[in-house]
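Participant: Coordinates in target-v7.pdb, PDB, C-alpha atoms, are listed below.
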```
ATOM      1  CA  MET A  28     111.025  79.693  93.491  1.00  0.00           C
ATOM      2  CA  THR A  29     114.643  80.818  93.430  1.00  0.00           C
ATOM      3  CA  LEU A  30     115.427  84.449  94.252  1.00  0.00           C
ATOM      4  CA  SER A  31     118.847  85.954  93.666  1.00  0.00           C
ATOM      5  CA  VAL A  32     119.890  89.495  94.562  1.00  0.00           C
ATOM      6  CA  ALA A  33     123.428  90.471  93.593  1.00  0.00           C
ATOM      7  CA  PRO A  34     125.408  93.463  92.354  1.00  0.00           C
ATOM      8  CA  CYS A  35     124.570  94.433  88.784  1.00  0.00           C
ATOM      9  CA  SER A  36     125.948  96.849  86.244  1.00  0.00           C
ATOM     10  CA  HIS A  37     124.885 100.464  85.986  1.00  0.00           C
ATOM     11  CA  ALA A  38     123.414  99.609  82.573  1.00  0.00           C
ATOM     12  CA  ALA A  39     121.224  96.847  84.063  1.00  0.00           C
ATOM     13  CA  ALA A  40     119.979  99.160  86.824  1.00  0.00           C
ATOM     14  CA  GLN A  41     119.316 101.904  84.261  1.00  0.00           C
ATOM     15  CA  TYR A  42     117.331  99.443  82.117  1.00  0.00           C
ATOM     16  CA  ALA A  43     115.198  98.356  85.087  1.00  0.00           C
ATOM     17  CA  VAL A  44     114.507 101.911  86.202  1.00  0.00           C
ATOM     18  CA  SER A  45     113.737 103.201  82.703  1.00  0.00           C
ATOM     19  CA  HIS A  46     111.297 100.329  82.087  1.00  0.00           C
ATOM     20  CA  TRP A  47     109.738  99.572  85.491  1.00  0.00           C
ATOM     21  CA  HIS A  48     109.975 102.651  87.742  1.00  0.00           C
ATOM     22  CA  TYR A  49     107.625 105.641  87.493  1.00  0.00           C
ATOM     23  CA  SER A  50     110.523 108.163  87.542  1.00  0.00           C
ATOM     24  CA  LYS A  51     112.225 106.563  84.514  1.00  0.00           C
ATOM     25  CA  CYS A  52     115.582 107.934  85.746  1.00  0.00           C
ATOM     26  CA  LEU A  53     118.444 107.142  88.103  1.00  0.00           C
ATOM     27  CA  PRO A  54     119.843 109.789  90.422  1.00  0.00           C
ATOM     28  CA  PRO A  55     123.499 110.719  89.928  1.00  0.00           C
ATOM     29  CA  PRO A  56     126.122 108.257  91.211  1.00  0.00           C
ATOM     30  CA  LYS A  57     127.584 107.141  93.719  1.00  0.00           C
ATOM     31  CA  LEU A  58     125.198 104.239  93.365  1.00  0.00           C
ATOM     32  CA  PHE A  59     125.151 100.699  94.692  1.00  0.00           C
ATOM     33  CA  SER A  60     122.968  98.736  92.295  1.00  0.00           C
ATOM     34  CA  LEU A  61     121.638  95.256  92.927  1.00  0.00           C
ATOM     35  CA  GLY A  62     119.941  93.178  90.283  1.00  0.00           C
ATOM     36  CA  VAL A  63     117.078  90.820  91.046  1.00  0.00           C
ATOM     37  CA  TRP A  64     116.713  87.449  89.316  1.00  0.00           C
ATOM     38  CA  GLU A  65     113.996  84.831  89.796  1.00  0.00           C
ATOM     39  CA  GLY A  66     113.326  81.246  88.905  1.00  0.00           C
ATOM     40  CA  ASP A  67     115.461  78.352  87.764  1.00  0.00           C
ATOM     41  CA  GLU A  68     116.177  80.219  84.532  1.00  0.00           C
ATOM     42  CA  ALA A  69     117.368  83.261  86.556  1.00  0.00           C
ATOM     43  CA  ARG A  70     115.133  85.750  84.747  1.00  0.00           C
ATOM     44  CA  PHE A  71     116.135  89.388  85.358  1.00  0.00           C
ATOM     45  CA  VAL A  72     113.156  91.067  87.035  1.00  0.00           C
ATOM     46  CA  GLY A  73     114.631  94.376  88.135  1.00  0.00           C
ATOM     47  CA  ALA A  74     116.940  96.300  90.396  1.00  0.00           C
ATOM     48  CA  VAL A  75     117.204  97.887  93.827  1.00  0.00           C
ATOM     49  CA  VAL A  76     119.425 100.962  93.920  1.00  0.00           C
ATOM     50  CA  TYR A  77     121.054 102.748  96.861  1.00  0.00           C
ATOM     51  CA  SER A  78     122.793 106.128  96.839  1.00  0.00           C
ATOM     52  CA  ARG A  79     124.493 108.540  99.208  1.00  0.00           C
ATOM     53  CA  GLY A  80     121.343 110.654  98.810  1.00  0.00           C
ATOM     54  CA  ALA A  81     120.586 114.081  97.448  1.00  0.00           C
ATOM     55  CA  THR A  82     122.223 115.898 100.346  1.00  0.00           C
ATOM     56  CA  GLN A  83     125.225 115.376 102.574  1.00  0.00           C
ATOM     57  CA  LYS A  84     122.924 116.089 105.527  1.00  0.00           C
ATOM     58  CA  LEU A  85     120.729 113.043 104.857  1.00  0.00           C
ATOM     59  CA  VAL A  86     121.796 111.220 108.030  1.00  0.00           C
ATOM     60  CA  SER A  87     123.432 114.022 110.014  1.00  0.00           C
ATOM     61  CA  ARG A  88     120.244 114.668 112.003  1.00  0.00           C
ATOM     62  CA  PHE A  89     120.829 111.207 113.487  1.00  0.00           C
ATOM     63  CA  GLY A  90     124.385 112.032 114.547  1.00  0.00           C
ATOM     64  CA  LEU A  91     125.925 110.085 111.658  1.00  0.00           C
ATOM     65  CA  ASP A  92     128.288 111.152 108.924  1.00  0.00           C
ATOM     66  CA  MET A  93     127.551 110.452 105.293  1.00  0.00           C
ATOM     67  CA  THR A  94     129.702 107.302 105.256  1.00  0.00           C
ATOM     68  CA  GLU A  95     127.396 105.733 107.846  1.00  0.00           C
ATOM     69  CA  GLY A  96     124.136 106.149 105.962  1.00  0.00           C
ATOM     70  CA  CYS A  97     122.579 106.017 102.542  1.00  0.00           C
ATOM     71  CA  GLU A  98     119.254 106.258 100.768  1.00  0.00           C
ATOM     72  CA  LEU A  99     117.254 103.528  99.079  1.00  0.00           C
ATOM     73  CA  VAL A 100     116.489 105.486  95.902  1.00  0.00           C
ATOM     74  CA  ARG A 101     114.840 102.991  93.537  1.00  0.00           C
ATOM     75  CA  VAL A 102     112.991  99.690  93.622  1.00  0.00           C
ATOM     76  CA  ALA A 103     112.312  98.939  89.969  1.00  0.00           C
ATOM     77  CA  LEU A 104     110.689  95.548  89.360  1.00  0.00           C
ATOM     78  CA  ARG A 105     108.748  94.059  86.489  1.00  0.00           C
ATOM     79  CA  ASP A 106     106.235  91.264  87.106  1.00  0.00           C
ATOM     80  CA  HIS A 107     107.783  89.050  89.769  1.00  0.00           C
ATOM     81  CA  LEU A 108     106.926  86.317  92.275  1.00  0.00           C
ATOM     82  CA  ALA A 109     108.852  87.241  95.430  1.00  0.00           C
ATOM     83  CA  PRO A 110     107.291  89.800  97.782  1.00  0.00           C
ATOM     84  CA  VAL A 111     108.929  93.216  97.397  1.00  0.00           C
ATOM     85  CA  SER A 112     109.694  93.236 101.137  1.00  0.00           C
ATOM     86  CA  GLN A 113     111.721  90.030 100.653  1.00  0.00           C
ATOM     87  CA  VAL A 114     113.619  91.565  97.726  1.00  0.00           C
ATOM     88  CA  VAL A 115     114.402  94.707  99.754  1.00  0.00           C
ATOM     89  CA  ALA A 116     115.442  92.646 102.810  1.00  0.00           C
ATOM     90  CA  GLU A 117     117.894  90.628 100.708  1.00  0.00           C
ATOM     91  CA  SER A 118     119.214  93.809  99.095  1.00  0.00           C
ATOM     92  CA  LEU A 119     119.845  95.252 102.573  1.00  0.00           C
ATOM     93  CA  ARG A 120     121.832  92.142 103.531  1.00  0.00           C
ATOM     94  CA  GLN A 121     123.946  92.548 100.380  1.00  0.00           C
ATOM     95  CA  LEU A 122     124.386  96.274 101.053  1.00  0.00           C
ATOM     96  CA  LYS A 123     125.541  95.637 104.621  1.00  0.00           C
ATOM     97  CA  ARG A 124     128.059  92.984 103.488  1.00  0.00           C
ATOM     98  CA  ALA A 125     129.540  95.395 100.962  1.00  0.00           C
ATOM     99  CA  ASN A 126     129.509  98.361 103.396  1.00  0.00           C
ATOM    100  CA  PRO A 127     130.217  97.125 106.944  1.00  0.00           C
ATOM    101  CA  GLY A 128     130.315 100.670 108.423  1.00  0.00           C
ATOM    102  CA  LEU A 129     126.780 101.434 107.245  1.00  0.00           C
ATOM    103  CA  ARG A 130     124.383 102.076 110.126  1.00  0.00           C
ATOM    104  CA  LEU A 131     121.263 103.653 108.615  1.00  0.00           C
ATOM    105  CA  VAL A 132     119.240 103.475 105.424  1.00  0.00           C
ATOM    106  CA  VAL A 133     116.670 106.163 104.652  1.00  0.00           C
ATOM    107  CA  SER A 134     113.981 105.993 102.012  1.00  0.00           C
ATOM    108  CA  PHE A 135     111.035 108.084 100.893  1.00  0.00           C
ATOM    109  CA  ALA A 136     107.561 107.145  99.686  1.00  0.00           C
ATOM    110  CA  ASP A 137     105.864 109.693  97.437  1.00  0.00           C
ATOM    111  CA  PRO A 138     102.135 109.899  98.240  1.00  0.00           C
ATOM    112  CA  TYR A 139     101.542 111.796  94.979  1.00  0.00           C
ATOM    113  CA  GLN A 140     102.604 108.625  93.159  1.00  0.00           C
ATOM    114  CA  GLY A 141     100.184 106.546  95.238  1.00  0.00           C
ATOM    115  CA  HIS A 142     102.949 105.277  97.498  1.00  0.00           C
ATOM    116  CA  HIS A 143     102.238 104.852 101.193  1.00  0.00           C
ATOM    117  CA  GLY A 144     105.384 103.045 102.336  1.00  0.00           C
ATOM    118  CA  GLY A 145     103.829  99.572 102.380  1.00  0.00           C
ATOM    119  CA  ILE A 146     107.080  97.807 101.493  1.00  0.00           C
ATOM    120  CA  TYR A 147     108.803  99.606 104.348  1.00  0.00           C
ATOM    121  CA  GLN A 148     105.990  98.790 106.774  1.00  0.00           C
ATOM    122  CA  ALA A 149     106.235  95.135 105.762  1.00  0.00           C
ATOM    123  CA  GLY A 150     109.970  95.239 106.530  1.00  0.00           C
ATOM    124  CA  ASN A 151     109.502  96.873 109.979  1.00  0.00           C
ATOM    125  CA  TRP A 152     111.178 100.118 108.996  1.00  0.00           C
ATOM    126  CA  ILE A 153     110.706 103.031 111.386  1.00  0.00           C
ATOM    127  CA  TYR A 154     108.285 105.691 110.183  1.00  0.00           C
ATOM    128  CA  ALA A 155     109.738 109.137 110.875  1.00  0.00           C
ATOM    129  CA  GLY A 156     106.938 111.303 109.520  1.00  0.00           C
ATOM    130  CA  GLU A 157     106.109 113.290 106.454  1.00  0.00           C
ATOM    131  CA  THR A 158     108.463 115.901 105.119  1.00  0.00           C
ATOM    132  CA  PRO A 159     106.935 119.295 104.418  1.00  0.00           C
ATOM    133  CA  PRO A 160     105.863 119.894 100.821  1.00  0.00           C
ATOM    134  CA  THR A 161     108.314 121.814  98.681  1.00  0.00           C
ATOM    135  CA  GLN A 162     107.293 123.910  95.738  1.00  0.00           C
ATOM    136  CA  VAL A 163     108.739 122.485  92.520  1.00  0.00           C
ATOM    137  CA  SER A 164     106.837 124.716  90.117  1.00  0.00           C
ATOM    138  CA  ARG A 165     104.245 127.413  90.295  1.00  0.00           C
ATOM    139  CA  ASP A 166     101.305 125.053  90.794  1.00  0.00           C
ATOM    140  CA  ALA A 167     102.898 121.746  91.831  1.00  0.00           C
ATOM    141  CA  HIS A 168     104.140 120.563  95.202  1.00  0.00           C
ATOM    142  CA  HIS A 169     106.169 117.533  96.161  1.00  0.00           C
ATOM    143  CA  SER A 170     105.818 115.813  99.508  1.00  0.00           C
ATOM    144  CA  ARG A 171     107.736 112.743 100.568  1.00  0.00           C
ATOM    145  CA  VAL A 172     107.150 110.460 103.483  1.00  0.00           C
ATOM    146  CA  VAL A 173     110.374 109.459 105.171  1.00  0.00           C
ATOM    147  CA  GLN A 174     110.888 105.846 106.205  1.00  0.00           C
ATOM    148  CA  LEU A 175     113.943 104.875 108.212  1.00  0.00           C
ATOM    149  CA  ALA A 176     115.464 101.434 108.524  1.00  0.00           C
ATOM    150  CA  GLY A 177     115.653 100.301 112.111  1.00  0.00           C
ATOM    151  CA  GLY A 178     114.800  97.524 114.548  1.00  0.00           C
ATOM    152  CA  GLY A 179     114.773  93.825 113.796  1.00  0.00           C
ATOM    153  CA  ALA A 180     116.608  92.553 110.736  1.00  0.00           C
ATOM    154  CA  MET A 181     116.525  95.980 109.064  1.00  0.00           C
ATOM    155  CA  HIS A 182     118.766  97.666 111.659  1.00  0.00           C
ATOM    156  CA  LEU A 183     122.205  98.031 110.114  1.00  0.00           C
ATOM    157  CA  GLY A 184     124.026  99.480 113.126  1.00  0.00           C
ATOM    158  CA  ARG A 185     125.974  98.053 116.071  1.00  0.00           C
TER     159      ARG A 185
END
```
Could you show the structure in this file as structure tokens?

Facilitator:
Amino acid sequence: MTLSVAPCSHAAAQYAVSHWHYSKCLPPPKLFSLGVWEGDEARFVGAVVYSRGATQKLVSRFGLDMTEGCELVRVALRDHLAPVSQVVAESLRQLKRANPGLRLVVSFADPYQGHHGGIYQAGNWIYAGETPPTQVSRDAHHSRVVQLAGGGAMHLGR
């Protein structure tokens, strides 16, 4: 099975997210979007999207400035053959090639969406704990589990 991960257009990433991600939306740019294609016919199966994150302080607690870190904001895949951890690993290699000063990638798994960070665990990301719930409406709360890239092939620094 052939797997290809390469930069894709904003429109392709938007299509993947609107069809195959629970949020149905992309965060505001600056985005680095990578398309995912499989098989000899190079069938488009989705996108992996990185962003500077929702806050400029995303990586500052690690002594980094915002040019040294980013957030993995979407993994939007339809039915596919490659393991998601393989897709994410290849996307990280592409991200590092395009951004040589990048040292850290942060991502969040939302337990209220049934996510437990399995793709990050499979990729040897460092678990940094659960963020405190934040009130988003009168009766709803949002809690995210932070996963940090580090160690092994996922470490982007040095």

Participant: Given the file shown, enumerate the residues that the PyMOL selection byres ((chain A and resi 44) around 9) captures and present them as a ChimeraX atom specification.

Facilitator: /A:39-43,45-53,73-74,101-104

Participant: Show me, as JSON, the centre and edge lengths in Å to one decimal of the axis-aligned box that covers every listed atom of region 133-142 of chain A with 3 Å on each side.

Facilitator:
```
{"center_x": 108.4, "center_y": 108.5, "center_z": 98.9, "size_x": 22.5, "size_y": 12.5, "size_z": 17.5}
```

Participant: Let me make sure I understand: among A:Val132, A:Gly66, A:Ala155, A:Pro55, which one has the smallest atom-to-atom distance to Arg120 (chain A) if we use all atoms listed in the file?

Facilitator: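 With all atoms listed in the file as the atom set, the closest residue is A:Val132.
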
Participant: So which residues get picked by the PyMOL selection byres ((chain A and resi 91-93) around 12) here, written as a tab-separated table (two decimals) with C-alpha atoms, keeping the file's coordinate frame?

Facilitator:
```
chain	number	residue	atom	x	y	z
A	78	SER	CA	122.79	106.13	96.84
A	79	ARG	CA	124.49	108.54	99.21
A	80	GLY	CA	121.34	110.65	98.81
A	81	ALA	CA	120.59	114.08	97.45
A	82	THR	CA	122.22	115.90	100.35
A	83	GLN	CA	125.22	115.38	102.57
A	84	LYS	CA	122.92	116.09	105.53
A	85	LEU	CA	120.73	113.04	104.86
A	86	VAL	CA	121.80	111.22	108.03
A	87	SER	CA	123.43	114.02	110.01
A	88	ARG	CA	120.24	114.67	112.00
A	89	PHE	CA	120.83	111.21	113.49
A	90	GLY	CA	124.38	112.03	114.55
A	94	THR	CA	129.70	107.30	105.26
A	95	GLU	CA	127.40	105.73	107.85
A	96	GLY	CA	124.14	106.15	105.96
A	97	CYS	CA	122.58	106.02	102.54
A	98	GLU	CA	119.25	106.26	100.77
A	128	GLY	CA	130.32	100.67	108.42
A	129	LEU	CA	126.78	101.43	107.24
A	130	ARG	CA	124.38	102.08	110.13
A	131	LEU	CA	121.26	103.65	108.62
A	132	VAL	CA	119.24	103.48	105.42
A	133	VAL	CA	116.67	106.16	104.65
A	184	GLY	CA	124.03	99.48	113.13
```

Participant: Once the PyMOL selection byres ((chain A and resi 57-60) around 6) is applied to the coordinates I shared, what remains selected? I want it as a list in words.

Facilitator: Pro34, Cys35, Pro56, Leu61, Val76, Tyr77 and Ser78 of chain A

Participant: CA of Leu30 (chain A) to CA of Arg70 (chain A): how many Å, to one decimal?

Facilitator: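 CA of Arg70 (chain A) lies 9.6 Å from CA of Leu30 (chain A).
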
Participant: Can you pull out the residues contacting Asp67 (chain A)? Cut-off 12 Å, using all atoms listed in the file, and skip same-chain residues under 5 positions away; I want them as number ranges by chain.

Facilitator: A: 28-31

Participant: Can you work out the spacing between CA of Val32 (chain A) and CA of Ser118 (chain A) in Å, to one decimal?

Facilitator: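 Spanning CA of Val32 (chain A) to CA of Ser118 (chain A) is a straight-line distance of 6.3 Å.
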
Participant: Tell me, in Å to one decimal, how far CA of Gln113 (chain A) is from CA of Tyr147 (chain A).

Facilitator: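 Result for CA of Gln113 (chain A) versus CA of Tyr147 (chain A): 10.7 Å, one decimal.
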
Participant: Which one of A:Asp106, A:His142, A:Tyr154, A:Ala33 sits closest to Leu119 (chain A) if you count all atoms listed in the file?

Facilitator: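 Of all the options, A:Ala33 lies closest to Leu119 (chain A).
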
Participant: A:Val72, A:Ala149, A:Val114, A:Ala136: which is nearest Val100 (chain A), counting all atoms listed in the file?

Facilitator: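 With all atoms listed in the file as the atom set, the closest residue is A:Ala136.
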
Participant: Let me make sure I understand: among A:Ile146, A:Asn126, A:His37, A:Ala69, which one has the smallest atom-to-atom distance to Pro54 (chain A) if we use only C-alpha atoms?

Facilitator: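 So, comparing all the options, the nearest one is A:His37.
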
Participant: Would you please work out which residue, of A:Pro127, A:Gly156, A:Gly62, A:Pro110, is nearest to His143 (chain A) when using only C-alpha atoms?

Facilitator: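 Between A:Pro127, A:Gly156, A:Gly62, A:Pro110, the residue approaching His143 (chain A) most closely is A:Gly156.
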